[in-house]
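Participant: What follows is a single structure, and I will ask about it in a moment.
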Amino acid sequence: MLTEDHLRLRLIYLKAPGHWAYKQDGLIFVLPKDGAGKYSTGGREHTLRAGDVLVSNAAQAATVSTSNGAQFVFSCFFLRVEHL
């Protein structure tokens, strides 16, 4: 079933020490635009910077947060394979 969050490009601004948590069916695409951030899931952490592209299983609880006390701006959308 298509929900309002699937295939909708969202622009998210996080101010330090902000974080954004999600858990959805399908995949998440995170497209950093400005600043530096961290992606955390299952005890693992990855740094995100402008120009990176993150594709992850959105069914696993995860968070995107600011890094180094600065703001982090990114776009994201959710996608389920059956919607292709």
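Identifiers for the structure tokens are assigned positionally: chains receive A, B, ... in sequence, residues are indexed from 1 per chain, and ligands are indexed from 1 in the order shown.
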Mind checking which residues fall within 6 Å of Gln71 (chain A), counting only C-alpha atoms, ignoring those fewer than 2 positions away in the same chain, and posting them as a ChimeraX atom specification?
Facilitator: /A:14-16,35
Participant: For the residues in that selection, give me all heavy atoms as an mmCIF file, in the first residue's frame.
Facilitator:
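What landed in result.cif:
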```
data_model
loop_
_atom_site.group_PDB
_atom_site.id
_atom_site.type_symbol
_atom_site.label_atom_id
_atom_site.label_comp_id
_atom_site.auth_asym_id
_atom_site.auth_seq_id
_atom_site.Cartn_x
_atom_site.Cartn_y
_atom_site.Cartn_z
ATOM 1 N N LEU A 14 17.985 19.855 10.374
ATOM 2 C CA LEU A 14 18.254 19.484 11.762
ATOM 3 C C LEU A 14 19.224 20.497 12.352
ATOM 4 O O LEU A 14 20.261 20.789 11.759
ATOM 5 C CB LEU A 14 18.885 18.092 11.852
ATOM 6 C CG LEU A 14 18.042 16.909 11.429
ATOM 7 C CD1 LEU A 14 18.849 15.623 11.544
ATOM 8 C CD2 LEU A 14 16.792 16.808 12.284
ATOM 9 N N LYS A 15 18.883 21.047 13.501
ATOM 10 C CA LYS A 15 19.791 21.925 14.230
ATOM 11 C C LYS A 15 20.386 21.137 15.380
ATOM 12 O O LYS A 15 19.714 20.305 15.980
ATOM 13 C CB LYS A 15 19.047 23.147 14.768
ATOM 14 C CG LYS A 15 18.566 24.068 13.683
ATOM 15 C CD LYS A 15 17.918 25.300 14.260
ATOM 16 C CE LYS A 15 17.444 26.195 13.137
ATOM 17 N NZ LYS A 15 16.813 27.400 13.647
ATOM 18 N N ALA A 16 21.652 21.401 15.682
ATOM 19 C CA ALA A 16 22.350 20.680 16.760
ATOM 20 C C ALA A 16 21.631 20.892 18.078
ATOM 21 O O ALA A 16 21.168 21.997 18.344
ATOM 22 C CB ALA A 16 23.793 21.139 16.850
ATOM 23 N N GLY A 35 26.069 20.705 5.504
ATOM 24 C CA GLY A 35 26.502 20.316 6.836
ATOM 25 C C GLY A 35 26.964 18.875 6.880
ATOM 26 O O GLY A 35 27.188 18.241 5.854
#
```
Participant: Need to verify the contact set: region 19-23 of chain A, 7 Å, only C-alpha atoms, exclusion of same-chain residues closer than 6 positions in sequence. Can you return it as a VMD selection string?
Facilitator: chain A and resid 58 to 66
Participant: I'd like the contact shell of Val81 (chain A) - 10 Å cut-off, only C-alpha atoms, skipping same-chain residues fewer than 4 positions apart - returned as a list of chain:residue names.
Facilitator: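 Here the answer would be A:Asp25, A:Gly26, A:Leu27.
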Participant: With distances taken over only C-alpha atoms, which of A:Ser67, A:Thr41, A:Thr47, A:Ser75 is nearest to Gly18 (chain A)?
Facilitator: A:Ser67
Participant: Which neighbours of Leu9 (chain A) fall inside 7 Å, counting only C-alpha atoms, when residues of the same chain fewer than 2 positions from it are skipped, and could you give them as number ranges by chain?
Facilitator: A: 7, 11, 75-77
Participant: Those selected residues, please, written with all heavy atoms and delivered as a compact mmCIF listing (two decimals), in the first residue's frame.
Facilitator:
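Okay, this is what ended up in again.txt:
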```txt
# COMPACT_ATOMS: atom_id res chain seq x y z
N LEU A 7 7.60 7.77 -1.88
CA LEU A 7 7.81 8.51 -3.11
C LEU A 7 7.58 10.02 -2.97
O LEU A 7 7.36 10.71 -3.96
CB LEU A 7 6.93 7.95 -4.24
CG LEU A 7 7.22 6.51 -4.62
CD1 LEU A 7 6.21 6.03 -5.65
CD2 LEU A 7 8.63 6.35 -5.15
N LEU A 11 12.41 17.62 2.53
CA LEU A 11 13.61 18.37 2.89
C LEU A 11 13.58 18.55 4.39
O LEU A 11 12.61 19.07 4.95
CB LEU A 11 13.64 19.72 2.19
CG LEU A 11 14.89 20.56 2.41
CD1 LEU A 11 16.13 19.86 1.87
CD2 LEU A 11 14.73 21.92 1.74
N SER A 75 17.66 15.77 2.00
CA SER A 75 16.40 15.34 1.40
C SER A 75 16.31 13.85 1.59
O SER A 75 17.32 13.15 1.66
CB SER A 75 16.37 15.67 -0.09
OG SER A 75 16.37 17.05 -0.30
N CYS A 76 15.08 13.34 1.64
CA CYS A 76 14.91 11.90 1.76
C CYS A 76 13.57 11.49 1.16
O CYS A 76 12.66 12.30 1.02
CB CYS A 76 15.02 11.45 3.21
SG CYS A 76 13.66 11.99 4.24
N PHE A 77 13.49 10.23 0.79
CA PHE A 77 12.22 9.65 0.38
C PHE A 77 12.26 8.15 0.63
O PHE A 77 13.34 7.55 0.73
CB PHE A 77 11.86 9.97 -1.08
CG PHE A 77 12.78 9.38 -2.11
CD1 PHE A 77 12.48 8.17 -2.70
CD2 PHE A 77 13.93 10.05 -2.49
CE1 PHE A 77 13.31 7.63 -3.68
CE2 PHE A 77 14.76 9.52 -3.46
CZ PHE A 77 14.45 8.31 -4.06
```
Participant: As an MDAnalysis selection string, please: every residue in chain A that a backbone DSSP assignment puts in strand (DSSP E or B).
Facilitator: chainID A and resid 6 10:14 19:22 27:41 44:49 54:57 62:66 72:79
Participant: Store the residues picked out above, limited to N, CA and C atoms, as a short mmCIF file (atom, residue, chain, number, x, y, z; two decimals), in the first residue's frame.
Facilitator:
```cif
data_model
loop_
_atom_site.label_atom_id
_atom_site.label_comp_id
_atom_site.auth_asym_id
_atom_site.auth_seq_id
_atom_site.Cartn_x
_atom_site.Cartn_y
_atom_site.Cartn_z
N HIS A 6 5.73 7.51 1.11
CA HIS A 6 6.43 6.84 0.02
C HIS A 6 6.45 7.73 -1.21
N ARG A 10 11.21 14.78 0.77
CA ARG A 10 11.10 15.67 1.93
C ARG A 10 12.43 16.36 2.15
N LEU A 11 12.41 17.62 2.53
CA LEU A 11 13.61 18.37 2.89
C LEU A 11 13.58 18.55 4.39
N ILE A 12 14.64 18.09 5.06
CA ILE A 12 14.68 18.11 6.53
C ILE A 12 15.87 18.93 7.00
N TYR A 13 15.60 19.87 7.91
CA TYR A 13 16.64 20.69 8.54
C TYR A 13 16.79 20.23 9.99
N LEU A 14 17.99 19.85 10.37
CA LEU A 14 18.25 19.48 11.76
C LEU A 14 19.22 20.50 12.35
N HIS A 19 17.98 15.24 15.98
CA HIS A 19 17.99 13.94 15.32
C HIS A 19 16.61 13.68 14.72
N TRP A 20 16.57 12.77 13.77
CA TRP A 20 15.35 12.38 13.09
C TRP A 20 15.33 10.86 13.04
N ALA A 21 14.28 10.25 13.55
CA ALA A 21 14.17 8.80 13.60
C ALA A 21 13.06 8.34 12.65
N TYR A 22 13.23 7.14 12.12
CA TYR A 22 12.22 6.59 11.22
C TYR A 22 12.21 5.07 11.28
N LEU A 27 12.71 0.87 1.32
CA LEU A 27 14.03 1.49 1.35
C LEU A 27 13.91 2.97 1.63
N ILE A 28 14.96 3.54 2.22
CA ILE A 28 15.04 4.98 2.39
C ILE A 28 16.25 5.47 1.62
N PHE A 29 16.08 6.61 0.96
CA PHE A 29 17.17 7.29 0.25
C PHE A 29 17.40 8.61 0.98
N VAL A 30 18.63 8.83 1.44
CA VAL A 30 19.00 10.07 2.14
C VAL A 30 20.02 10.78 1.26
N LEU A 31 19.74 12.05 0.93
CA LEU A 31 20.57 12.86 0.05
C LEU A 31 21.02 14.11 0.80
N PRO A 32 22.20 14.07 1.45
CA PRO A 32 22.67 15.23 2.21
C PRO A 32 22.90 16.44 1.31
N LYS A 33 22.53 17.63 1.80
CA LYS A 33 22.67 18.86 1.04
C LYS A 33 23.66 19.83 1.67
N ASP A 34 23.65 19.95 3.01
CA ASP A 34 24.50 20.93 3.68
C ASP A 34 24.85 20.44 5.08
N GLY A 35 26.07 20.71 5.50
CA GLY A 35 26.50 20.32 6.84
C GLY A 35 26.96 18.87 6.88
N ALA A 36 27.11 18.37 8.09
CA ALA A 36 27.54 16.99 8.31
C ALA A 36 26.57 16.31 9.26
N GLY A 37 26.33 15.04 9.01
CA GLY A 37 25.42 14.31 9.86
C GLY A 37 25.91 12.89 10.09
N LYS A 38 25.15 12.16 10.90
CA LYS A 38 25.47 10.77 11.21
C LYS A 38 24.23 9.93 11.00
N TYR A 39 24.42 8.76 10.42
CA TYR A 39 23.37 7.77 10.27
C TYR A 39 23.69 6.65 11.24
N SER A 40 22.76 6.30 12.11
CA SER A 40 22.99 5.27 13.12
C SER A 40 21.89 4.21 13.06
N THR A 41 22.32 2.94 13.04
CA THR A 41 21.39 1.83 13.10
C THR A 41 22.12 0.60 13.61
N ARG A 44 25.79 0.63 14.51
CA ARG A 44 26.70 1.13 13.50
C ARG A 44 26.42 2.60 13.23
N GLU A 45 27.48 3.32 12.88
CA GLU A 45 27.35 4.75 12.63
C GLU A 45 28.14 5.12 11.37
N HIS A 46 27.54 5.92 10.50
CA HIS A 46 28.19 6.35 9.27
C HIS A 46 28.07 7.87 9.16
N THR A 47 29.14 8.51 8.71
CA THR A 47 29.14 9.97 8.53
C THR A 47 28.53 10.29 7.17
N LEU A 48 27.72 11.33 7.14
CA LEU A 48 27.08 11.79 5.90
C LEU A 48 27.49 13.23 5.63
N ARG A 49 27.82 13.53 4.39
CA ARG A 49 28.18 14.88 3.96
C ARG A 49 27.50 15.18 2.62
N LEU A 54 22.78 7.85 0.61
CA LEU A 54 22.61 6.70 1.49
C LEU A 54 21.33 5.98 1.08
N VAL A 55 21.43 4.68 0.86
CA VAL A 55 20.26 3.83 0.60
C VAL A 55 20.29 2.76 1.67
N SER A 56 19.18 2.63 2.41
CA SER A 56 19.16 1.70 3.52
C SER A 56 17.80 1.03 3.64
N ASN A 57 17.77 -0.09 4.33
CA ASN A 57 16.52 -0.78 4.64
C ASN A 57 15.78 0.04 5.70
N ALA A 62 16.26 3.40 12.72
CA ALA A 62 17.51 4.14 12.52
C ALA A 62 17.28 5.62 12.81
N THR A 63 18.37 6.35 12.99
CA THR A 63 18.30 7.79 13.20
C THR A 63 19.32 8.49 12.33
N VAL A 64 18.98 9.70 11.94
CA VAL A 64 19.90 10.62 11.28
C VAL A 64 20.04 11.79 12.23
N SER A 65 21.27 12.18 12.54
CA SER A 65 21.48 13.25 13.51
C SER A 65 22.57 14.21 13.03
N THR A 66 22.67 15.33 13.71
CA THR A 66 23.71 16.31 13.39
C THR A 66 25.06 15.79 13.86
N PHE A 72 22.39 20.16 9.89
CA PHE A 72 22.47 19.17 8.83
C PHE A 72 21.18 19.26 8.03
N VAL A 73 21.32 19.44 6.72
CA VAL A 73 20.17 19.57 5.83
C VAL A 73 20.24 18.42 4.82
N PHE A 74 19.13 17.71 4.67
CA PHE A 74 19.11 16.59 3.73
C PHE A 74 17.71 16.39 3.17
N SER A 75 17.66 15.77 2.00
CA SER A 75 16.40 15.34 1.40
C SER A 75 16.31 13.85 1.59
N CYS A 76 15.08 13.34 1.64
CA CYS A 76 14.91 11.90 1.76
C CYS A 76 13.57 11.49 1.16
N PHE A 77 13.49 10.23 0.79
CA PHE A 77 12.22 9.65 0.38
C PHE A 77 12.26 8.15 0.63
N PHE A 78 11.09 7.57 0.78
CA PHE A 78 10.92 6.13 0.98
C PHE A 78 10.41 5.51 -0.31
N LEU A 79 10.81 4.26 -0.54
CA LEU A 79 10.41 3.56 -1.74
C LEU A 79 10.23 2.08 -1.43
#
```
